[in-house]
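Data block below; observations after.
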Amino acid sequence: MEAPHALKSLLQLQLASDASSVLHLSYVLEHLNREHFAPSPHLQKWTTRISSLLHSKDPGARWAGLCLAYKTSSLSKPTLIECAQSWVGVALPLLSKSEPIPTLKVAIRYLLHVFGAALDVPEFQRQLAMPNVPKFSTVLVSLADKHSNLEVKVLSIRTLTTLVPLFPTSHRSLTSALSSICLRILNGSAPPGTYDELLKSASKLYSVLHLTGGKVGAANLWRKSVDETLQFSWTAFLALRTTFPDQNYPVSHVGLASDDPLVCIPLNLDRLKCGVVALCDLLMTTTHRPVQVPVGSLMNFCLALLVCTADDQREGHVDPAVRVMEVAALQSMWKAGCNLVSCLAKAVRSHLTPNLSRLVVVISYHLEQKLTTQCRLNLLQTVNILLENCPPFHSQLGLTRLAKAVLPSVTALLSTETEAQQSDASSIKQSKKGKKRRREYEGDEVFKLSRAIACPTHEDEEVVLAALDVLRTILLNPHLSPSIHSLASRVLLSISLTLPLTPSSSISSHPAMHGHIQTKVAEMCTELGRGTTSAMSKSLGLVLSSVPIDGNAHDLKAISKLQRDVDLLLHPRGPPLVRSMPHLAALSLFRTEESHEETEVRESLGLSMEEENEVQESAEVEMAETEIQTNAPETSTQAVVSPVQPPISTPQGQPGFLRKQNVPLENRVPKNPGSHLTPPSLKPQPSAIPASSSISTSSQPTNNLVRPAPTLIEKPAPDPRAVQLQSVAMAVDDEDEEIPTIDMDSDSDG
């Protein structure tokens, strides 16, 4: 027996009555597909049933009819063209009536789909779309202006944003009304501030209104909108700088006058936010013909937002309350400047090159300061967009400063000195009382049960990822200082070595973040090791370690990248490089190979080497043993000579760098780049004191060496072999080894 048609079953069961249609609507919409609307005798019954629901007196039935009409028009274009005339005639008047909000929303979506889905059918557009689009837009303007529900207002504005580019000539008469709605929303409000969704929708609509001027006048209308919005943003910005000294700004300084600062400052801050959002949308909109972008004026405004600090204050009387509120608005102004710079870099790209150096220096200065996590994230994302969309940055000084400012955000993934000491103490067995005398207790570390999370919040995770992206772009720049390039490469290599041994809970509360960071770091190390065939063959371990380990083994992008790297390793097709690649031994992987400048930068970033910690720990253990031997009882009658304990070696796989715990993250960037620091190679190293070097006083002998007993027997003449042994002992003593005890009474011939 043949199964009944799907439309027939739905009409007989789920859509038999108005109440049943509302109840089973979700089931019907879920099971409909394109195959059900093939030509059949049940299709006409289906469209008739939808028309009856649209004309029903029950609001729920009308809502169900609109939903079915929207779904049917989406799945069958012939049905849309055939039934649009009757269904639009019912749906359009519903917008002017007092209908429930769900009915208004689905009616707006259905009408937008009908007017935009059949643009390739001229007759349909001439008979249905052109007469009804102006009516539809007029109703939407009324809803966006007067309706009390925020969702309906946002949906109406977004629908107008889609209709204006499709039918620009039909909206020419509504330009003033549309512009009035947009400017009223973009004018800001406080308190509270403008709703974000409403602000974005109004800004999008404002950015397409210039299309109503046609292909000839659209460019002039766009430039006029940009100039007016920029002037509006300048006014809002200067209203937030009344307690700061006057600068050479293109507009006059605006004061608070007699307005209440509790209302005026939040209002102007919201206006500044609205103006920047509108400028970004205008820069990213589409124009029919090329337009002239005022890059100079926009860049002056961006720099004015970014260079603001809380240091200066104008002369004369200043209201303390106003001063505090304006200082508190600085980070919001920096965020607005970052958003505008990012959008400008994407829009004009290479035309931003003359201002790139100044922007990088300003952002580097802010990254060197103590900032909130969100503010640091905005700055890192902005400088990453600048470096990716603009031509390569050629200033070595600016790149070096930026790299120093970004590295502290990356070194947060490294272990601290205390954690490394705890791991060493747990893996190495010490003898007697030397273990008790170790200086490894640092205040609260006694009560610390586990390692602190490197990225406790989602913003911290984003900061680390953004810092890695910026560092990746910087390392690909040939103008970076060699010392900074070497230090950054060693930091990345240390992170790559220590991440596999670090539990994911120590990196972030999100389990996948550990694998994501490890994959990104492995890819960066692979890029650093990629070069000629011989250089890349030595980096085979880095290539294989770049395989995704976060559980997403079927990531096509990662697999294709790995295949490309392996293919380049096996079959190099690239042309030979003009310059020779540096040999692997040229990288300063050890402390003794560090340059003076690299050592200064490493110390300023709060990074220590494992070798320094090993020497310090060895000296502490030896000093403890020396003190024990010094306080030994005087009744010792036999020499007790213990060998010097060798330096504590770290387990395999530990990172080459350790982060000093007492240096905060914000204070690791040197404030004076030219300050001279003493490198570790020039500092006096703690020397190991052997047990044999204890000197006994005449009053209280403390030497553990056994003195020869007095005797009346004449000592034989010194044998040359004994003299040779003494010289060897002296040579060994120079190398911090103990002097062996020689029995002078023994027979020299034995």
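By convention in this document, the chains of the structure tokens carry letters A, B, ... by their order, each chain's residues are numbered from 1, and ligands are numbered from 1 in the order they are shown.
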Quiz item: Which residues, written as a list in words, have at least one atom at most 7 Å from stretch 385-388 of chain A, with only C-alpha atoms counted and residues fewer than 3 positions away on the same chain left out?
Solution: Ser342, Ala345, Gln381, Thr382, Pro392 and Thr473 of chain A
Exercise. For A:Asn132, list every protein, DNA or RNA residue within 12 Å, evaluated using only C-alpha atoms, and leave out those in the same chain fewer than 3 positions away; present the list as a PyMOL selection string.
Key: chain A and resi 84-85+88-89+91-93+111-112+114-115+124-129+135-139+163+167+170-171
Let me see the file: selected residues, C-alpha atoms, as an mmCIF file, in the first residue's frame.
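Final output, again-v9.cif:
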```cif
data_model
loop_
_atom_site.group_PDB
_atom_site.id
_atom_site.type_symbol
_atom_site.label_atom_id
_atom_site.label_comp_id
_atom_site.auth_asym_id
_atom_site.auth_seq_id
_atom_site.Cartn_x
_atom_site.Cartn_y
_atom_site.Cartn_z
ATOM 1 C CA ALA A 84 2.350 36.408 -3.053
ATOM 2 C CA GLN A 85 -0.314 38.761 -4.395
ATOM 3 C CA VAL A 88 0.939 40.155 0.857
ATOM 4 C CA GLY A 89 -2.463 41.813 0.687
ATOM 5 C CA ALA A 91 0.106 40.497 5.791
ATOM 6 C CA LEU A 92 0.817 44.159 4.989
ATOM 7 C CA PRO A 93 -2.325 45.616 6.680
ATOM 8 C CA LEU A 111 7.241 40.558 3.532
ATOM 9 C CA LEU A 112 11.009 41.112 3.422
ATOM 10 C CA VAL A 114 8.843 38.143 -0.653
ATOM 11 C CA PHE A 115 10.245 41.490 -1.860
ATOM 12 C CA PHE A 124 6.857 40.205 -10.423
ATOM 13 C CA GLN A 125 8.860 43.245 -9.295
ATOM 14 C CA ARG A 126 6.840 45.611 -11.499
ATOM 15 C CA GLN A 127 3.430 44.369 -10.423
ATOM 16 C CA LEU A 128 3.971 43.518 -6.754
ATOM 17 C CA ALA A 129 7.239 44.850 -5.302
ATOM 18 C CA LYS A 135 4.005 51.261 1.774
ATOM 19 C CA PHE A 136 5.955 48.604 3.643
ATOM 20 C CA SER A 137 8.832 51.022 4.376
ATOM 21 C CA THR A 138 6.435 53.701 5.613
ATOM 22 C CA VAL A 139 4.907 51.273 8.081
ATOM 23 C CA LEU A 163 15.436 47.183 1.686
ATOM 24 C CA PHE A 167 15.182 49.581 -3.795
ATOM 25 C CA SER A 170 11.701 53.836 -3.822
ATOM 26 C CA HIS A 171 13.179 55.166 -0.552
#
```
Quiz item: Counting only C-alpha atoms, what is within 9 Å of A:Gly60, bar same-chain residues fewer than 2 positions away, as a PyMOL selection string?
Solution: chain A and resi 18-19+21-22+56-58+62-65+103
Quiz item: Can you tell me, as a ChimeraX atom specification, what residues are no more than 9 Å from A:Thr162 when counting only C-alpha atoms, ignoring any on the same chain fewer than 4 positions away?
Solution: /A:112,116,157-158,166,205
Written selection (N, CA and C atoms) as a tab-separated table (two decimals), in the first residue's frame:
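To be explicit, this is the file written out as part_21.tsv:
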```tsv
chain	number	residue	atom	x	y	z
A	112	LEU	N	9.64	40.88	3.89
A	112	LEU	CA	11.01	41.11	3.42
A	112	LEU	C	11.47	39.98	2.51
A	116	GLY	N	12.43	40.44	-1.60
A	116	GLY	CA	13.83	40.25	-1.97
A	116	GLY	C	14.15	38.94	-2.64
A	157	ILE	N	14.23	48.39	11.91
A	157	ILE	CA	15.38	49.11	11.39
A	157	ILE	C	16.26	48.19	10.55
A	158	ARG	N	16.46	46.96	10.98
A	158	ARG	CA	17.26	46.03	10.20
A	158	ARG	C	16.60	45.69	8.87
A	166	LEU	N	18.32	47.46	-1.91
A	166	LEU	CA	17.59	46.74	-2.96
A	166	LEU	C	16.71	47.67	-3.77
A	205	LEU	N	21.80	51.29	9.27
A	205	LEU	CA	20.86	52.00	8.40
A	205	LEU	C	21.41	53.35	7.96
```
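Ranking A:Cys455, A:Ala117, A:Leu352, A:Ile101 by their shortest atom-to-atom distance to A:Ile507, with only C-alpha atoms included, puts A:Cys455 first.
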Please provide as a tab-separated table (two decimals) with all heavy atoms, in the first residue's frame all residues within 8 Å of A:Asn339, with the sequence filter that same-chain residues fewer than 4 positions apart are discarded (counting only C-alpha atoms).
```
chain	number	residue	atom	x	y	z
A	276	VAL	N	31.64	56.78	16.93
A	276	VAL	CA	32.68	55.86	16.44
A	276	VAL	C	32.05	54.67	15.73
A	276	VAL	O	32.54	54.22	14.69
A	276	VAL	CB	33.57	55.41	17.61
A	276	VAL	CG1	34.48	54.27	17.20
A	276	VAL	CG2	34.39	56.58	18.14
A	280	CYS	N	32.68	53.69	11.79
A	280	CYS	CA	33.13	52.35	11.36
A	280	CYS	C	32.20	51.75	10.32
A	280	CYS	O	32.67	51.17	9.32
A	280	CYS	CB	33.24	51.43	12.58
A	280	CYS	SG	34.53	51.88	13.76
A	335	LYS	N	39.23	52.45	24.03
A	335	LYS	CA	38.51	51.38	23.32
A	335	LYS	C	37.88	51.91	22.04
A	335	LYS	O	37.93	51.25	20.99
A	335	LYS	CB	37.44	50.79	24.24
A	335	LYS	CG	36.65	49.67	23.60
A	335	LYS	CD	35.60	49.10	24.56
A	335	LYS	CE	34.80	48.00	23.90
A	335	LYS	NZ	33.76	47.46	24.82
A	343	CYS	N	39.05	49.45	12.19
A	343	CYS	CA	38.18	49.58	11.02
A	343	CYS	C	38.87	50.37	9.91
A	343	CYS	O	38.75	50.03	8.73
A	343	CYS	CB	36.87	50.25	11.43
A	343	CYS	SG	35.64	50.33	10.12
A	382	THR	N	44.07	45.38	18.26
A	382	THR	CA	44.22	46.49	17.32
A	382	THR	C	45.58	46.47	16.64
A	382	THR	O	45.68	46.63	15.41
A	382	THR	CB	44.03	47.82	18.07
A	382	THR	OG1	42.73	47.85	18.66
A	382	THR	CG2	44.17	48.99	17.11
```
Practice problem: Go through A:Pro354, A:Pro500, A:Gly337, A:Pro261 one by one, measure the shortest atom-to-atom distance of each to A:Asp319 using only C-alpha atoms, and give the residue with the smallest value. | Solution: A:Pro261
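Residue neighbourhood of A:His5, excluding near-sequence residues (fewer than 5 positions): Leu10, Leu11, Gln12, Leu32, Glu35, His36, Phe37, Ala38, Pro39, Ser40, Pro41, His42, Leu43 and Trp46 of chain A, at 12 Å, using only C-alpha atoms.
When atom CA of A:Asn268 is paired with atom CA of A:Ala236, their separation reads 4.9 Å.
Going from atom CA of A:His596 to atom CA of A:Ser608 covers 14.9 Å.
The closest residue to A:His514, picked from A:Ser148, A:Ser395, A:Asn477, A:Thr498 and counting only C-alpha atoms, is A:Thr498.
Residue neighbourhood of A:Leu143, excluding near-sequence residues (fewer than 5 positions): A:Val152, A:Lys153, A:Ser156, at 8 Å, using only C-alpha atoms.
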How would the residues just picked look written out with N, CA, C and O atoms as a tab-separated table (two decimals), in the first residue's frame?
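Writing done, so here's again-v6.tsv:
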```
chain	number	residue	atom	x	y	z
A	152	VAL	N	10.83	44.82	18.27
A	152	VAL	CA	10.15	45.25	17.05
A	152	VAL	C	10.87	46.43	16.41
A	152	VAL	O	11.02	46.51	15.18
A	153	LYS	N	11.36	47.37	17.22
A	153	LYS	CA	12.09	48.51	16.69
A	153	LYS	C	13.37	48.07	15.99
A	153	LYS	O	13.68	48.52	14.88
A	156	SER	N	12.54	46.27	12.72
A	156	SER	CA	12.09	47.21	11.68
A	156	SER	C	13.27	47.95	11.07
A	156	SER	O	13.35	48.12	9.84
```
Write out as a tab-separated table the residues of stretch 219-315 of chain A that have any atom within 6 Å of an atom of stretch 183-189 of chain A, one row each with the nearest atom pair and its distance in Å to one decimal, counting only C-alpha atoms, sorted by chain and then rising number.
```
residue	atom	partner	partner_atom	distance
A:Leu267	CA	A:Ser189	CA	5.7
A:Asp270	CA	A:Gly188	CA	5.4
A:Arg271	CA	A:Gly188	CA	4.8
A:Cys274	CA	A:Leu186	CA	5.4
```
